[in-house]
$ cat run00.cif   # mmCIF, C-alpha atoms
data_input
loop_
_atom_site.group_PDB
_atom_site.id
_atom_site.type_symbol
_atom_site.label_atom_id
_atom_site.label_comp_id
_atom_site.auth_asym_id
_atom_site.auth_seq_id
_atom_site.Cartn_x
_atom_site.Cartn_y
_atom_site.Cartn_z
ATOM 1 C CA MET A 1 -6.398 -15.111 -43.749
ATOM 2 C CA LEU A 2 -3.973 -17.692 -45.125
ATOM 3 C CA ALA A 3 -4.239 -19.453 -41.760
ATOM 4 C CA LEU A 4 -7.985 -19.799 -42.344
ATOM 5 C CA LEU A 5 -7.656 -21.416 -45.782
ATOM 6 C CA ASP A 6 -7.737 -24.862 -44.125
ATOM 7 C CA GLY A 7 -11.158 -24.196 -42.647
ATOM 8 C CA GLU A 8 -12.789 -22.539 -39.645
ATOM 9 C CA SER A 9 -10.723 -21.955 -36.558
ATOM 10 C CA HIS A 10 -10.824 -20.252 -33.159
ATOM 11 C CA GLY A 11 -8.490 -17.523 -31.894
ATOM 12 C CA TYR A 12 -5.890 -19.627 -30.158
ATOM 13 C CA ALA A 13 -5.664 -22.169 -32.981
ATOM 14 C CA LEU A 14 -5.321 -19.306 -35.454
ATOM 15 C CA MET A 15 -2.471 -17.813 -33.456
ATOM 16 C CA GLN A 16 -0.695 -21.169 -33.381
ATOM 17 C CA ARG A 17 -1.282 -21.626 -37.106
ATOM 18 C CA VAL A 18 0.223 -18.195 -37.844
ATOM 19 C CA ALA A 19 3.296 -19.096 -35.731
ATOM 20 C CA GLU A 20 3.564 -22.420 -37.558
ATOM 21 C CA LEU A 21 3.206 -20.870 -41.034
ATOM 22 C CA SER A 22 5.901 -18.301 -40.223
ATOM 23 C CA ASP A 23 8.251 -20.846 -38.622
ATOM 24 C CA GLY A 24 7.762 -19.112 -35.286
ATOM 25 C CA SER A 25 8.873 -15.682 -36.461
ATOM 26 C CA VAL A 26 5.366 -14.154 -36.110
ATOM 27 C CA ARG A 27 3.714 -14.600 -32.730
ATOM 28 C CA MET A 28 0.637 -12.484 -32.344
ATOM 29 C CA GLY A 29 -0.632 -11.123 -29.054
ATOM 30 C CA PRO A 30 -4.364 -11.233 -28.233
ATOM 31 C CA GLY A 31 -4.860 -7.532 -29.083
ATOM 32 C CA THR A 32 -3.221 -7.876 -32.490
ATOM 33 C CA LEU A 33 -5.127 -11.050 -33.295
ATOM 34 C CA TYR A 34 -8.575 -9.819 -32.310
ATOM 35 C CA GLY A 35 -7.943 -6.370 -33.822
ATOM 36 C CA THR A 36 -7.173 -8.077 -37.127
ATOM 37 C CA LEU A 37 -10.183 -10.406 -36.833
ATOM 38 C CA LYS A 38 -12.425 -7.416 -36.145
ATOM 39 C CA ARG A 39 -11.191 -5.566 -39.245
ATOM 40 C CA LEU A 40 -11.515 -8.666 -41.418
ATOM 41 C CA CYS A 41 -15.082 -9.215 -40.152
ATOM 42 C CA GLU A 42 -15.954 -5.581 -40.878
ATOM 43 C CA ASP A 43 -14.506 -5.919 -44.382
ATOM 44 C CA GLY A 44 -16.592 -9.040 -45.001
ATOM 45 C CA LEU A 45 -13.546 -11.222 -45.585
ATOM 46 C CA ILE A 46 -14.208 -13.545 -42.648
ATOM 47 C CA GLU A 47 -17.277 -14.346 -40.579
ATOM 48 C CA GLU A 48 -18.035 -15.823 -37.219
ATOM 49 C CA THR A 49 -19.429 -19.312 -37.669
ATOM 50 C CA THR A 50 -22.170 -20.828 -35.599
ATOM 51 C CA ASP A 51 -20.893 -24.411 -35.763
ATOM 52 C CA ARG A 52 -19.690 -25.639 -32.399
ATOM 53 C CA LYS A 53 -17.977 -28.884 -31.520
ATOM 54 C CA GLU A 54 -19.087 -30.896 -28.514
ATOM 55 C CA GLY A 55 -17.543 -30.207 -25.129
ATOM 56 C CA ALA A 56 -17.619 -27.469 -22.513
ATOM 57 C CA GLU A 57 -14.244 -25.966 -23.434
ATOM 58 C CA VAL A 58 -14.983 -25.422 -27.124
ATOM 59 C CA GLU A 59 -18.409 -23.976 -26.288
ATOM 60 C CA ARG A 60 -16.693 -20.891 -24.880
ATOM 61 C CA ARG A 61 -14.828 -20.223 -28.090
ATOM 62 C CA ARG A 62 -15.847 -18.298 -31.143
ATOM 63 C CA TYR A 63 -14.946 -19.751 -34.511
ATOM 64 C CA TYR A 64 -14.078 -17.798 -37.635
ATOM 65 C CA ALA A 65 -14.118 -18.832 -41.291
ATOM 66 C CA LEU A 66 -13.354 -17.173 -44.608
ATOM 67 C CA THR A 67 -16.298 -15.889 -46.601
ATOM 68 C CA ALA A 68 -16.440 -16.660 -50.339
ATOM 69 C CA GLY A 69 -14.982 -13.221 -51.060
ATOM 70 C CA GLY A 70 -12.346 -13.693 -48.364
ATOM 71 C CA ARG A 71 -11.267 -17.029 -49.822
ATOM 72 C CA SER A 72 -11.024 -15.520 -53.288
ATOM 73 C CA THR A 73 -8.990 -12.570 -51.916
ATOM 74 C CA ALA A 74 -6.693 -14.891 -49.938
ATOM 75 C CA LEU A 75 -6.058 -17.093 -52.973
ATOM 76 C CA SER A 76 -5.381 -14.128 -55.255
ATOM 77 C CA GLU A 77 -3.002 -12.672 -52.637
ATOM 78 C CA LEU A 78 -1.267 -16.044 -52.405
ATOM 79 C CA ALA A 79 -0.870 -16.092 -56.190
ATOM 80 C CA ARG A 80 0.469 -12.510 -56.118
ATOM 81 C CA LEU A 81 3.036 -13.366 -53.438
ATOM 82 C CA ARG A 82 4.110 -16.502 -55.343
ATOM 83 C CA ALA A 83 4.564 -14.493 -58.542
ATOM 84 C CA LEU A 84 6.514 -11.817 -56.636
ATOM 85 C CA VAL A 85 8.896 -14.374 -55.109
ATOM 86 C CA HIS A 86 9.309 -16.042 -58.498
ATOM 87 C CA ARG A 87 10.125 -12.727 -60.211
ATOM 88 C CA VAL A 88 12.596 -11.644 -57.525
ATOM 89 C CA ALA A 89 14.305 -15.057 -57.499
ATOM 90 C CA PHE A 90 14.582 -14.940 -61.297
ATOM 91 C CA HIS A 91 16.336 -11.548 -61.259
ATOM 92 C CA LEU A 92 18.708 -12.229 -58.356
ATOM 93 C CA PRO A 93 22.338 -12.970 -59.270
ATOM 94 C CA ARG A 94 23.084 -16.676 -59.043
ATOM 95 C CA ALA A 95 25.431 -17.780 -56.244
ATOM 96 C CA PRO A 96 28.808 -19.068 -57.478
ATOM 97 C CA ALA A 97 28.987 -22.866 -57.539
ATOM 98 C CA MET B 1 -12.582 -22.220 -11.299
ATOM 99 C CA THR B 2 -10.795 -18.977 -10.358
ATOM 100 C CA ARG B 3 -8.348 -17.577 -12.829
ATOM 101 C CA PRO B 4 -4.655 -17.093 -11.971
ATOM 102 C CA ALA B 5 -3.605 -13.623 -10.746
ATOM 103 C CA THR B 6 -1.722 -12.937 -14.003
ATOM 104 C CA VAL B 7 -4.866 -13.543 -16.051
ATOM 105 C CA ARG B 8 -6.922 -11.364 -13.693
ATOM 106 C CA ALA B 9 -4.314 -8.582 -14.023
ATOM 107 C CA TYR B 10 -4.436 -8.923 -17.809
ATOM 108 C CA GLY B 11 -8.246 -8.832 -17.674
ATOM 109 C CA ALA B 12 -8.069 -5.621 -15.631
ATOM 110 C CA LEU B 13 -5.752 -4.015 -18.207
ATOM 111 C CA LEU B 14 -8.277 -4.754 -20.950
ATOM 112 C CA VAL B 15 -10.331 -1.874 -19.554
ATOM 113 C CA LEU B 16 -7.899 0.406 -21.391
ATOM 114 C CA TYR B 17 -9.292 -0.708 -24.767
ATOM 115 C CA PRO B 18 -12.265 1.153 -26.287
ATOM 116 C CA ARG B 19 -15.499 -0.074 -24.719
ATOM 117 C CA SER B 20 -16.989 -1.547 -27.910
ATOM 118 C CA PHE B 21 -13.830 -3.561 -28.640
ATOM 119 C CA ARG B 22 -13.571 -4.728 -25.037
ATOM 120 C CA ARG B 23 -17.206 -5.861 -24.947
ATOM 121 C CA GLU B 24 -16.845 -7.744 -28.204
ATOM 122 C CA TYR B 25 -13.466 -9.398 -27.680
ATOM 123 C CA GLY B 26 -12.401 -8.874 -24.045
ATOM 124 C CA GLU B 27 -13.497 -12.284 -22.804
ATOM 125 C CA ASP B 28 -11.910 -14.049 -25.799
ATOM 126 C CA MET B 29 -8.652 -12.168 -25.292
ATOM 127 C CA ALA B 30 -8.475 -13.135 -21.619
ATOM 128 C CA LEU B 31 -9.203 -16.764 -22.528
ATOM 129 C CA LEU B 32 -6.526 -16.716 -25.194
ATOM 130 C CA PHE B 33 -3.992 -15.208 -22.778
ATOM 131 C CA GLU B 34 -4.854 -17.920 -20.238
ATOM 132 C CA GLU B 35 -4.279 -20.631 -22.848
ATOM 133 C CA GLN B 36 -0.961 -19.097 -23.854
ATOM 134 C CA LEU B 37 0.168 -19.065 -20.220
ATOM 135 C CA ARG B 38 -0.777 -22.711 -19.916
ATOM 136 C CA ASP B 39 1.180 -23.808 -23.002
ATOM 137 C CA GLU B 40 4.196 -21.480 -23.190
ATOM 138 C CA ASN B 41 6.872 -19.886 -21.048
ATOM 139 C CA PRO B 42 4.913 -17.463 -18.760
ATOM 140 C CA TRP B 43 7.643 -14.818 -18.806
ATOM 141 C CA ARG B 44 7.701 -14.790 -22.605
ATOM 142 C CA VAL B 45 3.903 -14.688 -22.802
ATOM 143 C CA CYS B 46 3.730 -11.751 -20.355
ATOM 144 C CA THR B 47 6.435 -9.809 -22.228
ATOM 145 C CA ARG B 48 4.633 -10.370 -25.524
ATOM 146 C CA ALA B 49 1.283 -9.403 -24.001
ATOM 147 C CA ALA B 50 2.756 -6.179 -22.553
ATOM 148 C CA THR B 51 4.145 -5.183 -25.967
ATOM 149 C CA ASP B 52 0.863 -6.134 -27.577
ATOM 150 C CA LEU B 53 -1.129 -3.992 -25.128
ATOM 151 C CA ALA B 54 1.223 -1.022 -25.601
ATOM 152 C CA LEU B 55 0.823 -1.195 -29.375
ATOM 153 C CA THR B 56 -2.813 -2.129 -29.816
ATOM 154 C CA ILE B 57 -4.514 0.041 -27.166
ATOM 155 C CA PRO B 58 -3.562 3.358 -28.866
ATOM 156 C CA THR B 59 -4.250 1.857 -32.306
ATOM 157 C CA ASN B 60 -7.746 0.772 -31.300
ATOM 158 C CA HIS B 61 -8.518 4.164 -29.776
ATOM 159 C CA LEU B 62 -7.272 5.898 -32.917
ATOM 160 C CA GLU B 63 -9.416 3.630 -35.088
ATOM 161 C CA ALA B 64 -12.457 4.289 -32.894
ATOM 162 C CA VAL B 65 -11.925 8.064 -33.112
ATOM 163 C CA MET B 66 -11.371 7.977 -36.881
ATOM 164 C CA LYS B 67 -14.442 5.815 -37.396
ATOM 165 C CA ALA B 68 -16.543 8.157 -35.290
ATOM 166 C CA SER B 69 -15.333 11.207 -37.204
ATOM 167 C CA THR B 70 -15.827 9.601 -40.595
ATOM 168 C CA SER B 71 -19.267 10.242 -41.973
ATOM 169 C CA PRO B 72 -20.860 10.838 -45.366
ATOM 170 C CA PHE B 73 -20.996 14.493 -44.343
ATOM 171 C CA LEU B 74 -17.204 14.705 -44.136
ATOM 172 C CA SER B 75 -16.575 13.091 -47.532
ATOM 173 C CA THR B 76 -19.315 15.231 -49.106
ATOM 174 C CA LEU B 77 -17.770 18.367 -47.593
ATOM 175 C CA PHE B 78 -14.289 17.517 -48.904
ATOM 176 C CA GLY B 79 -15.815 16.596 -52.272
ATOM 177 C CA ALA B 80 -17.579 19.969 -52.475
ATOM 178 C CA VAL B 81 -14.333 21.799 -51.630
ATOM 179 C CA ALA B 82 -12.551 19.753 -54.325
ATOM 180 C CA VAL B 83 -15.131 20.630 -56.965
ATOM 181 C CA ALA B 84 -15.055 24.297 -55.879
ATOM 182 C CA GLY B 85 -11.260 24.313 -56.179
ATOM 183 C CA ILE B 86 -11.301 22.812 -59.667
ATOM 184 C CA VAL B 87 -14.118 25.080 -60.831
ATOM 185 C CA SER B 88 -12.271 28.152 -59.514
ATOM 186 C CA ALA B 89 -9.189 26.967 -61.435
ATOM 187 C CA ILE B 90 -11.257 26.741 -64.619
ATOM 188 C CA VAL B 91 -12.869 30.147 -64.250
ATOM 189 C CA SER B 92 -9.699 31.886 -63.054
ATOM 190 C CA GLY B 93 -8.993 32.908 -66.657
ATOM 191 C CA THR B 94 -5.507 34.221 -67.258
ATOM 192 C CA ASN B 95 -4.378 34.246 -63.641
ATOM 193 C CA ALA B 96 -1.969 31.276 -63.458
ATOM 194 C CA ILE B 97 -1.495 31.533 -59.661
ATOM 195 C CA LEU B 98 -5.234 31.349 -59.057
ATOM 196 C CA ALA B 99 -5.522 28.466 -61.503
ATOM 197 C CA LEU B 100 -2.721 26.481 -59.857
ATOM 198 C CA SER B 101 -4.076 27.216 -56.369
ATOM 199 C CA GLY B 102 -7.499 25.996 -57.471
ATOM 200 C CA VAL B 103 -6.034 22.783 -58.878
ATOM 201 C CA ALA B 104 -3.970 22.252 -55.697
ATOM 202 C CA VAL B 105 -6.994 22.775 -53.440
ATOM 203 C CA GLY B 106 -9.097 20.529 -55.681
ATOM 204 C CA VAL B 107 -6.576 17.700 -55.698
ATOM 205 C CA ALA B 108 -5.921 17.898 -51.923
ATOM 206 C CA ALA B 109 -9.607 18.061 -50.987
ATOM 207 C CA GLY B 110 -10.403 15.346 -53.537
ATOM 208 C CA GLY B 111 -7.806 13.092 -51.917
ATOM 209 C CA LEU B 112 -9.283 13.698 -48.465
ATOM 210 C CA ALA B 113 -12.806 13.068 -49.786
ATOM 211 C CA ALA B 114 -11.692 9.813 -51.396
ATOM 212 C CA ALA B 115 -9.866 8.680 -48.254
ATOM 213 C CA SER B 116 -12.848 9.575 -46.080
ATOM 214 C CA TYR B 117 -15.261 7.827 -48.453
ATOM 215 C CA ARG B 118 -13.011 4.763 -48.686
ATOM 216 C CA ARG B 119 -13.057 4.181 -44.922
ATOM 217 C CA ASN B 120 -16.749 3.303 -45.048
ATOM 218 C CA ARG B 121 -16.484 0.887 -47.952
ATOM 219 C CA PRO B 122 -15.575 -2.811 -47.864
ATOM 220 C CA LEU B 123 -12.122 -3.898 -49.033
ATOM 221 C CA ALA B 124 -11.759 -3.557 -52.790
ATOM 222 C CA PRO B 125 -10.630 -6.739 -54.531
ATOM 223 C CA SER B 126 -7.050 -6.306 -55.718
ATOM 224 C CA GLY B 127 -6.642 -5.274 -59.323
ATOM 225 C CA GLN B 128 -10.040 -3.630 -59.597
ATOM 226 C CA THR B 129 -8.624 -0.120 -59.090
ATOM 227 C CA GLY B 130 -5.340 -0.650 -60.958
ATOM 228 C CA GLY B 131 -5.997 1.980 -63.647
ATOM 229 C CA TRP B 132 -6.554 4.875 -61.237
ATOM 230 C CA TRP B 133 -3.408 6.732 -62.282
ATOM 231 C CA LYS B 134 -4.474 6.692 -65.943
ATOM 232 C CA LEU B 135 -7.744 8.390 -65.009
ATOM 233 C CA LEU B 136 -5.887 10.907 -62.847
ATOM 234 C CA ALA B 137 -3.327 11.602 -65.586
ATOM 235 C CA ALA B 138 -6.024 11.916 -68.257
ATOM 236 C CA GLY B 139 -8.070 14.316 -66.116
ATOM 237 C CA GLY B 140 -4.998 16.313 -65.117
ATOM 238 C CA GLY B 141 -3.780 16.497 -68.710
ATOM 239 C CA LEU B 142 -7.164 17.619 -69.959
ATOM 240 C CA LEU B 143 -7.430 20.255 -67.253
ATOM 241 C CA THR B 144 -3.883 21.522 -67.858
ATOM 242 C CA ALA B 145 -4.576 21.747 -71.600
ATOM 243 C CA LEU B 146 -7.763 23.676 -70.877
ATOM 244 C CA ILE B 147 -6.004 26.111 -68.532
ATOM 245 C CA ILE B 148 -3.128 26.649 -71.005
ATOM 246 C CA THR B 149 -5.628 27.234 -73.807
ATOM 247 C CA LEU B 150 -7.480 29.771 -71.689
ATOM 248 C CA ASN B 151 -4.229 31.502 -70.766
ATOM 249 C CA VAL B 152 -3.003 31.659 -74.368
ATOM 250 C CA THR B 153 -6.253 32.766 -75.990
ATOM 251 C CA GLY B 154 -7.035 35.287 -73.260
ATOM 252 C CA GLU B 155 -10.762 35.073 -73.756
ATOM 253 C CA VAL B 156 -13.049 32.342 -74.980
ATOM 254 C CA PRO B 157 -14.444 32.963 -78.485
ATOM 255 C CA ASP B 158 -18.209 32.871 -78.911
ATOM 256 C CA GLY B 159 -19.570 29.382 -79.258
ATOM 257 C CA PHE B 160 -16.632 27.777 -77.449
ATOM 258 C CA TRP B 161 -17.972 28.136 -73.903
ATOM 259 C CA PHE B 162 -20.090 24.996 -74.034
ATOM 260 C CA PRO B 163 -17.307 22.638 -75.289
ATOM 261 C CA MET B 164 -14.922 24.163 -72.743
ATOM 262 C CA ILE B 165 -17.325 23.605 -69.845
ATOM 263 C CA ILE B 166 -17.933 20.022 -70.987
ATOM 264 C CA THR B 167 -14.166 19.463 -71.263
ATOM 265 C CA GLY B 168 -13.607 20.930 -67.793
ATOM 266 C CA LEU B 169 -16.338 18.829 -66.222
ATOM 267 C CA THR B 170 -14.986 15.691 -67.922
ATOM 268 C CA ALA B 171 -11.524 16.483 -66.553
ATOM 269 C CA VAL B 172 -12.931 16.953 -63.024
ATOM 270 C CA VAL B 173 -14.888 13.678 -63.186
ATOM 271 C CA LEU B 174 -11.840 11.780 -64.461
ATOM 272 C CA MET B 175 -9.620 13.232 -61.709
ATOM 273 C CA VAL B 176 -12.135 12.517 -58.937
ATOM 274 C CA MET B 177 -12.549 8.932 -60.201
ATOM 275 C CA GLY B 178 -8.767 8.579 -60.326
ATOM 276 C CA LEU B 179 -8.375 9.947 -56.803
ATOM 277 C CA ILE B 180 -11.033 7.616 -55.420
ATOM 278 C CA GLY B 181 -9.432 4.671 -57.215
ATOM 279 C CA GLY B 182 -5.960 5.660 -55.978
ATOM 280 C CA ALA B 183 -7.087 6.070 -52.379
ATOM 281 C CA SER B 184 -8.940 2.739 -52.569
ATOM 282 C CA ARG B 185 -5.845 1.080 -53.975
ATOM 283 C CA LEU B 186 -3.560 2.616 -51.346
ATOM 284 C CA SER B 187 -5.910 1.870 -48.480
ATOM 285 C CA GLY B 188 -6.641 -1.601 -49.837
ATOM 286 C CA THR B 189 -2.933 -2.423 -50.101
ATOM 287 C CA ALA B 190 -2.310 -1.345 -46.521
ATOM 288 C CA ARG B 191 -5.270 -3.315 -45.270
ATOM 289 C CA HIS B 192 -4.282 -6.369 -47.338
ATOM 290 C CA ARG B 193 -0.824 -6.175 -45.744
ATOM 291 C CA ASP B 194 -2.406 -6.169 -42.269
ATOM 292 C CA ALA B 195 -4.708 -8.993 -43.174
ATOM 293 C CA PHE B 196 -1.999 -11.328 -44.325
#

$ encode --input "run00.cif" --output "structure tokens"
Amino acid sequence: MLALLDGESHGYALMQRVAELSDGSVRMGPGTLYGTLKRLCEDGLIEETTDRKEGAEVERRRYYALTAGGRSTALSELARLRALVHRVAFHLPRAPA
Amino acid sequence: MTRPATVRAYGALLVLYPRSFRREYGEDMALLFEEQLRDENPWRVCTRAATDLALTIPTNHLEAVMKASTSPFLSTLFGAVAVAGIVSAIVSGTNAILALSGVAVGVAAGGLAAASYRRNRPLAPSGQTGGWWKLLAAGGGLLTALIITLNVTGEVPDGFWFPMIITGLTAVVLMVMGLIGGASRLSGTARHRDAF
């Protein structure tokens, strides 16, 4: 979902974006990616968009975008993760200088 | 243009997914695999795809089975068992074992009803079900107090039946609401984790 905050995207671009956001530590397979997209669609957090760019190659792809509720959920999750990291960092012992 | 043999082999393996999933996403998955092969180390892509297939095929089948078995009937049935359990705990009088068994059955069936009901609902926004444990604790406390009172007094004095029934029903409603909220929270957290 965080990978879709920039705007609509297709499966392969999403997979690359996830790898980029995780510095290459998360590389999804097709089954994982489309399983997740299916669940997110069913939950109403993302939707398939009808916009298509010109060109034969892109015509074959399906694009996905966050719904209003999905964007709100993604942003609140982002805020929660930020707050969690901040809290944990605050309570960790400081490294000796 | 014909696809490479590796892509055709991957396409053939997609038959192992549930039919609905394969129809919806099979073509996209094969296209994605083809693009990965084009841009990355083929050996690494094939290894990753094999792991992915091994993990996601059983998961998808399990999801399909659970979705098929989840119906309003199932959650209603569990809900009815939960209410019956709680009611039997209330009317069990001085028998503590019966009362505790009733509460246990009620809580377990209520949890199953909530989980079953939750599967058919969209993802709850985080924070909306945060107070579930307060409802559960309040209902549980009220019910425990009622059972203790019944056990201590032995029999209900005239004129106290109506307030006791109202108290019992309030406790049941609070506990069921708490259970539904808790299951929503738990399920929502797990699904949020998957989503991100």

$ atom_distance --input "run00.cif" --atom1 "atom CA of B:Pro4" --atom2 "atom CA of A:Thr32"
22.5 Å

$ residues_around --input "run00.cif" --residues "B:Gly102" --least-positions-apart "2" --cutoff "10 Å" --atoms "only C-alpha atoms" --output "list in words"
Val81, Ala82, Val83, Ala84, Gly85, Ile86, Val87, Ser88, Ala89, Ile90, Val91, Ser92, Ala96, Ile97, Leu98, Ala99, Leu100, Ala104, Val105, Gly106, Val107 and Ala108 of chain B

$ write_last_selection --input "run00.cif" --atoms "C-alpha atoms" --output "tab-separated table (two decimals), keeping the file's coordinate frame"
chain	number	residue	atom	x	y	z
B	81	VAL	CA	-14.33	21.80	-51.63
B	82	ALA	CA	-12.55	19.75	-54.32
B	83	VAL	CA	-15.13	20.63	-56.96
B	84	ALA	CA	-15.06	24.30	-55.88
B	85	GLY	CA	-11.26	24.31	-56.18
B	86	ILE	CA	-11.30	22.81	-59.67
B	87	VAL	CA	-14.12	25.08	-60.83
B	88	SER	CA	-12.27	28.15	-59.51
B	89	ALA	CA	-9.19	26.97	-61.44
B	90	ILE	CA	-11.26	26.74	-64.62
B	91	VAL	CA	-12.87	30.15	-64.25
B	92	SER	CA	-9.70	31.89	-63.05
B	96	ALA	CA	-1.97	31.28	-63.46
B	97	ILE	CA	-1.50	31.53	-59.66
B	98	LEU	CA	-5.23	31.35	-59.06
B	99	ALA	CA	-5.52	28.47	-61.50
B	100	LEU	CA	-2.72	26.48	-59.86
B	104	ALA	CA	-3.97	22.25	-55.70
B	105	VAL	CA	-6.99	22.78	-53.44
B	106	GLY	CA	-9.10	20.53	-55.68
B	107	VAL	CA	-6.58	17.70	-55.70
B	108	ALA	CA	-5.92	17.90	-51.92

$ atom_distance --input "run00.cif" --atom1 "atom CA of A:Arg17" --atom2 "atom CA of A:Leu33"
11.9 Å

$ closest_residue --input "run00.cif" --among "B:Val173, B:Ala5, B:Ala54, B:Ala12" --to "chain A" --atoms "all atoms listed in the file"
B:Ala54

$ atom_distance --input "run00.cif" --atom1 "atom CA of A:Arg80" --atom2 "atom CA of B:Ala137"
26.2 Å

$ interface_residues --input "run00.cif" --of "chain A" --to "chain B" --cutoff "7 Å" --atoms "all atoms listed in the file" --output "count of residues only"
12

$ axis_aligned_box --input "run00.cif" --around "stretch 28-35 of chain A" --padding-each-side "4 Å" --output "lines of an AutoDock Vina configuration file"
center_x = -4.0
center_y = -9.4
center_z = -31.0
size_x = 17.2
size_y = 14.1
size_z = 13.6
